[in-house]
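K.L.:
Dropping the structure in here first, questions after.
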Amino acid sequence: MTRSPRVRVDIDLGQIRRNTRAILKVLHASQRPVSLIAVVKADAYGCGARPVARAIADLVQGFYVFDLKEATAAELGELGLRTLVVQAESNDSSDYTALRAQPIVWTEGQAATLRRAQPVLSVDTGQQRFGVPLGTAGVEAVLRAGDIREAYTHATRLEQAAALSLALRERVPVLHAAGTALLHEPSAWLDAVRPGLALYQSAVTVTAPLVEVTDSTGPAGYTGFSVRRHGVILAGYSQGLRRGPCVMNGRPSRILEVGMQSAFVECEIADRVGDAVTLLGPGASETDVAAAWECSPQEVLVRMTGLGERHWREPAAE
Ligand SMILES: *Cc1c(COP(=O)(O)O)cnc(C)c1O
């Protein structure tokens with residue numbers, strides 16, 4: 001998808017730091033060491049993996065990405081922290097060690113081949129992908145082949161974290177399971193947490209100016225919507241926009257209809273050409289938009305950050 005030149009995406013790195021600190025504070029309350037692995041895959045959900053990683057490198061213990069290409073693009077190897085890589089496509093351990101990366105593995109062959117890169121075992125406790133099913137002989141085989149000291153599962157339910165812990169607590173020194181969905185469940189934290197969404201919530205504001213404002217004369221647009229006054233912004237479904245809530249001059253409003261490269265916004269009498277429509281931000285959060293779009297807040301972030309050119313605000317001195 002192409003970014004619209006008339007949409008502005010503001011990413012507040014200070015808010016991402018505050019989110020990170022808020023997670024650390026909760027973890028510290030547990031009185032036991034739980035480390036924080038920042039999930040910066042998919043360009044940090046569109047927030048920019050390179051700037052995000054640099055903004056929080058002093059607060060976290062590691063990163064998690066999809067593949068080596070992401071780790072390289074974000075220059076994570078320079079930050080002195082380790083990076084877990086879920087799609088271990090290279091069979092050469094030095095490709096990982098050069099970036100301080102560790103491959104995630106779930107087959108005996110992969111584990112043996114990448115043994116020198118300190119692979120991490122992925123156990124399947126219900127997702128039924130990218131993991132070796134718990135309770136099968138495969139688990140022990142992979143652990144042995146890779147000389148593995150760390151294992152995780154991709155859990156969304158407490159029982160999944162508990163199953164991992166029960167099966168491997170005595171066998172593997174470092175275990176983790178929780179992403180954002182289980183951050184409020186201390187018993188799911190085990191030795192580390194891996195949030196993505198929780199790092200980015202409320203950090204992105206997406207705005208677009210009205211380029212036209214019209215007093216409606218009857219059913220308008222393709223769908224024949226009827227409102228008293230409507231405006232137009234230059235972002236459409238070719239950029240990833242959908243119908244949903246927005247904020248117009250401080251009031252809740254809505255995107256009435258989305259076209260290829262423009263969209264209609266419900267307006268009132270005082271709204272003028274040039275006024276900014278907030279598509280994501282205060283009053284139209286990831287969760288608000290996700291409810292309207294019937295998708296996850298993660299998907300909202302990735303789509304919204306792709307609508308326009310991105311601008312990063314550096315954290316204020318602390
Ligand atoms: C993406 C991902 C996460 C982070 O998920 P959020 O719900 O955004 O916190 C954690 N663990 C794994 C294995 C993932 O793939």
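Letters A, B, ... go to the chains of the structure tokens in the order shown; residues in each chain start at 1; ligands are counted from 1 in the same order.
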Extract, using only C-alpha atoms, all DNA, RNA and protein residues at most 12 Å from A:Arg194, discarding same-chain residues fewer than 2 positions from it, and format them as a PyMOL selection string.
P.N.:
chain A and resi 20+23-24+34-41+60-65+83-84+152-156+175-183+188-192+196-199
K.L.:
What's around A:Glu75 at 9 Å? Count only C-alpha atoms, leave out sequence neighbours fewer than 3 positions away in its own chain, and write the answer as a PyMOL selection string.
P.N.:
chain A and resi 49-50+70-72+78-79+99
K.L.:
Please extract the residues of stretch 45-123 of chain A with a backbone DSSP assignment of helix (DSSP H, G or I) and present them as a ChimeraX atom specification.
P.N.:
/A:45,49-56,68-73,76-79,93-97,108-113,115-117
K.L.:
At what distance in Å, to one decimal, does atom CA of A:Leu279 lie from atom CA of A:His230?
P.N.:
15.5 Å
K.L.:
Considering only C-alpha atoms, state which residue in the set A:Thr205, A:Thr107, A:Thr287, A:Ser296 is at the smallest distance from A:Asp12.
P.N.:
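Closest to A:Asp12, using only C-alpha atoms: A:Thr205.
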K.L.:
In Å, with one decimal, what is the gap from atom CA of A:Ala88 to atom CA of A:Val105?
P.N.:
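Result for atom CA of A:Ala88 versus atom CA of A:Val105: 7.2 Å, one decimal.
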K.L.:
Neighbours of A:Thr214 within 9 Å (only C-alpha atoms; same-chain residues fewer than 4 positions away dropped), as a PyMOL selection string?
P.N.:
chain A and resi 228-232+267
K.L.:
Limited to N, CA, C and O atoms, could you put the picked residues into a file as an mmCIF file, in the first residue's frame?
P.N.:
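Saved as part-v3.cif:
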```cif
data_model
loop_
_atom_site.group_PDB
_atom_site.id
_atom_site.type_symbol
_atom_site.label_atom_id
_atom_site.label_comp_id
_atom_site.auth_asym_id
_atom_site.auth_seq_id
_atom_site.Cartn_x
_atom_site.Cartn_y
_atom_site.Cartn_z
ATOM 1 N N ARG A 228 -25.921 16.380 7.367
ATOM 2 C CA ARG A 228 -26.149 17.785 7.015
ATOM 3 C C ARG A 228 -24.952 18.398 6.297
ATOM 4 O O ARG A 228 -25.081 19.205 5.395
ATOM 5 N N ARG A 229 -23.765 17.968 6.737
ATOM 6 C CA ARG A 229 -22.554 18.561 6.164
ATOM 7 C C ARG A 229 -21.470 17.487 6.163
ATOM 8 O O ARG A 229 -21.377 16.706 7.113
ATOM 9 N N HIS A 230 -20.689 17.433 5.110
ATOM 10 C CA HIS A 230 -19.626 16.426 5.086
ATOM 11 C C HIS A 230 -18.335 17.028 4.543
ATOM 12 O O HIS A 230 -18.338 18.011 3.798
ATOM 13 N N GLY A 231 -17.235 16.419 4.940
ATOM 14 C CA GLY A 231 -15.922 16.838 4.458
ATOM 15 C C GLY A 231 -15.231 15.666 3.791
ATOM 16 O O GLY A 231 -15.699 14.522 3.857
ATOM 17 N N VAL A 232 -14.104 15.959 3.165
ATOM 18 C CA VAL A 232 -13.350 14.925 2.459
ATOM 19 C C VAL A 232 -11.892 14.974 2.930
ATOM 20 O O VAL A 232 -11.334 16.067 3.097
ATOM 21 N N CYS A 267 -19.353 16.248 9.180
ATOM 22 C CA CYS A 267 -18.917 17.565 9.668
ATOM 23 C C CYS A 267 -20.072 18.345 10.262
ATOM 24 O O CYS A 267 -21.240 17.996 10.079
#
```
K.L.:
Under the rule that only C-alpha atoms and all ligand atoms are counted, which of A:Arg242, A:Arg303, A:Arg129, A:His311 is the nearest residue to ligand 1?
P.N.:
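Going through A:Arg242, A:Arg303, A:Arg129, A:His311 one by one, the smallest distance to ligand 1 is for A:Arg129.
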K.L.:
From stretch 50-256 of chain A, collect each residue whose DSSP state is strand (DSSP E or B) and return the set as a ChimeraX atom specification.
P.N.:
/A:62-65,82-85,101-105,120-124,132-133,150-155,174-178,192-193,204-209,212-215,220,225,229-233,244-248,251-256
K.L.:
Applying 9 Å and only C-alpha atoms, which residues near A:Tyr200 remain after dropping the ones on its own chain fewer than 6 positions away? List them as a PyMOL selection string.
P.N.:
chain A and resi 13+15-16+19-20+44-45+47+301
K.L.:
Have a look at A:Ala263, A:Leu307, A:Cys295, A:Met1 and name the one nearest to A:Leu280; count only C-alpha atoms.
P.N.:
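Result for the nearest residue to A:Leu280: A:Leu307.
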K.L.:
Atom CA of A:Ser93 to atom CA of A:Ala112: how many Å, to one decimal?
P.N.:
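Atom CA of A:Ala112 lies at a distance of 10.4 Å from atom CA of A:Ser93.
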K.L.:
Between A:Gly138, A:Pro252, A:Gly14, A:Pro195, single out the one closest to ligand 1, counting only C-alpha atoms and all ligand atoms.
P.N.:
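With only C-alpha atoms and all ligand atoms as the atom set, the closest residue is A:Pro195.
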K.L.:
Using only C-alpha atoms, which of A:Leu121, A:Ala276, A:Val193, A:Ala57 sits nearest A:Ala151?
P.N.:
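Under the stated criterion, the closest residue is A:Leu121.
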K.L.:
Name the closest residue to A:Val132 among the candidates A:Asp275, A:Glu89, A:Glu108, A:Asp58; distances are taken between atoms, counting only C-alpha atoms.
P.N.:
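The shortest atom-to-atom distance to A:Val132 comes from A:Glu108.
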K.L.:
I want to know what sits within 8 Å of A:Ala235, based on only C-alpha atoms, with residues of the same chain fewer than 5 positions away left out; could you give that as a list in words?
P.N.:
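These residues fall inside the cut-off: Ser4, Arg6, Val7, Ala208, Leu241, Met260, Gln261, Ser262, Ala263 and Leu307 of chain A.
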K.L.:
If you keep all heavy atoms, can you produce a file of those selected residues as a PDB file, in the first residue's frame?
P.N.:
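Writing done, so here's selection-v1.pdb:
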```
ATOM      1  N   SER A   4      -0.424   8.077   1.941  1.00  0.00           N
ATOM      2  CA  SER A   4      -0.988   9.313   1.407  1.00  0.00           C
ATOM      3  C   SER A   4      -0.117  10.488   1.824  1.00  0.00           C
ATOM      4  O   SER A   4       0.220  10.621   2.997  1.00  0.00           O
ATOM      5  CB  SER A   4      -2.400   9.535   1.951  1.00  0.00           C
ATOM      6  OG  SER A   4      -2.792  10.869   1.695  1.00  0.00           O
ATOM      7  N   ARG A   6      -1.114  13.339   2.210  1.00  0.00           N
ATOM      8  CA  ARG A   6      -1.941  14.256   2.991  1.00  0.00           C
ATOM      9  C   ARG A   6      -2.358  13.672   4.339  1.00  0.00           C
ATOM     10  O   ARG A   6      -3.278  14.160   4.977  1.00  0.00           O
ATOM     11  CB  ARG A   6      -3.181  14.667   2.182  1.00  0.00           C
ATOM     12  CG  ARG A   6      -2.845  15.373   0.878  1.00  0.00           C
ATOM     13  CD  ARG A   6      -1.982  16.622   1.069  1.00  0.00           C
ATOM     14  NE  ARG A   6      -2.555  17.596   1.984  1.00  0.00           N
ATOM     15  CZ  ARG A   6      -3.470  18.507   1.650  1.00  0.00           C
ATOM     16  NH1 ARG A   6      -3.913  18.570   0.419  1.00  0.00           N
ATOM     17  NH2 ARG A   6      -3.925  19.358   2.540  1.00  0.00           N
ATOM     18  N   VAL A   7      -1.686  12.618   4.758  1.00  0.00           N
ATOM     19  CA  VAL A   7      -1.942  12.069   6.089  1.00  0.00           C
ATOM     20  C   VAL A   7      -0.652  12.144   6.876  1.00  0.00           C
ATOM     21  O   VAL A   7       0.434  11.879   6.347  1.00  0.00           O
ATOM     22  CB  VAL A   7      -2.425  10.598   6.026  1.00  0.00           C
ATOM     23  CG1 VAL A   7      -2.596  10.025   7.426  1.00  0.00           C
ATOM     24  CG2 VAL A   7      -3.726  10.498   5.249  1.00  0.00           C
ATOM     25  N   ALA A 208      -5.470  13.932   9.264  1.00  0.00           N
ATOM     26  CA  ALA A 208      -5.552  14.343   7.855  1.00  0.00           C
ATOM     27  C   ALA A 208      -6.402  15.599   7.788  1.00  0.00           C
ATOM     28  O   ALA A 208      -7.442  15.672   8.449  1.00  0.00           O
ATOM     29  CB  ALA A 208      -6.188  13.236   7.018  1.00  0.00           C
ATOM     30  N   LEU A 241      -7.456   2.539   4.851  1.00  0.00           N
ATOM     31  CA  LEU A 241      -8.478   3.136   5.722  1.00  0.00           C
ATOM     32  C   LEU A 241      -9.809   2.394   5.594  1.00  0.00           C
ATOM     33  O   LEU A 241     -10.118   1.831   4.542  1.00  0.00           O
ATOM     34  CB  LEU A 241      -8.660   4.619   5.354  1.00  0.00           C
ATOM     35  CG  LEU A 241      -9.559   5.441   6.298  1.00  0.00           C
ATOM     36  CD1 LEU A 241      -9.015   5.444   7.722  1.00  0.00           C
ATOM     37  CD2 LEU A 241      -9.709   6.873   5.784  1.00  0.00           C
ATOM     38  N   MET A 260     -11.425   4.879  -2.897  1.00  0.00           N
ATOM     39  CA  MET A 260     -10.083   4.385  -3.217  1.00  0.00           C
ATOM     40  C   MET A 260      -8.980   5.211  -2.552  1.00  0.00           C
ATOM     41  O   MET A 260      -8.120   4.684  -1.863  1.00  0.00           O
ATOM     42  CB  MET A 260      -9.904   4.400  -4.739  1.00  0.00           C
ATOM     43  CG  MET A 260      -8.573   3.864  -5.214  1.00  0.00           C
ATOM     44  SD  MET A 260      -8.500   2.078  -5.193  1.00  0.00           S
ATOM     45  CE  MET A 260      -9.265   1.675  -6.753  1.00  0.00           C
ATOM     46  N   GLN A 261      -9.032   6.556  -2.749  1.00  0.00           N
ATOM     47  CA  GLN A 261      -7.963   7.402  -2.192  1.00  0.00           C
ATOM     48  C   GLN A 261      -8.504   8.607  -1.435  1.00  0.00           C
ATOM     49  O   GLN A 261      -7.781   9.564  -1.163  1.00  0.00           O
ATOM     50  CB  GLN A 261      -7.035   7.869  -3.324  1.00  0.00           C
ATOM     51  CG  GLN A 261      -6.128   6.736  -3.781  1.00  0.00           C
ATOM     52  CD  GLN A 261      -5.615   6.917  -5.180  1.00  0.00           C
ATOM     53  OE1 GLN A 261      -6.384   7.076  -6.130  1.00  0.00           O
ATOM     54  NE2 GLN A 261      -4.313   6.905  -5.330  1.00  0.00           N
ATOM     55  N   SER A 262      -9.797   8.568  -1.095  1.00  0.00           N
ATOM     56  CA  SER A 262     -10.377   9.641  -0.285  1.00  0.00           C
ATOM     57  C   SER A 262     -11.480   9.056   0.576  1.00  0.00           C
ATOM     58  O   SER A 262     -11.906   7.914   0.355  1.00  0.00           O
ATOM     59  CB  SER A 262     -10.932  10.751  -1.178  1.00  0.00           C
ATOM     60  OG  SER A 262     -12.032  10.263  -1.923  1.00  0.00           O
ATOM     61  N   ALA A 263     -11.922   9.829   1.550  1.00  0.00           N
ATOM     62  CA  ALA A 263     -12.991   9.356   2.428  1.00  0.00           C
ATOM     63  C   ALA A 263     -13.846  10.542   2.864  1.00  0.00           C
ATOM     64  O   ALA A 263     -13.370  11.678   2.929  1.00  0.00           O
ATOM     65  CB  ALA A 263     -12.406   8.648   3.652  1.00  0.00           C
ATOM     66  N   LEU A 307      -0.851   4.750   6.764  1.00  0.00           N
ATOM     67  CA  LEU A 307      -1.688   5.676   5.986  1.00  0.00           C
ATOM     68  C   LEU A 307      -0.912   6.856   5.433  1.00  0.00           C
ATOM     69  O   LEU A 307      -1.244   7.384   4.379  1.00  0.00           O
ATOM     70  CB  LEU A 307      -2.837   6.220   6.851  1.00  0.00           C
ATOM     71  CG  LEU A 307      -4.031   5.317   7.129  1.00  0.00           C
ATOM     72  CD1 LEU A 307      -5.060   6.077   7.952  1.00  0.00           C
ATOM     73  CD2 LEU A 307      -4.669   4.838   5.842  1.00  0.00           C
TER      74      LEU A 307
END
```
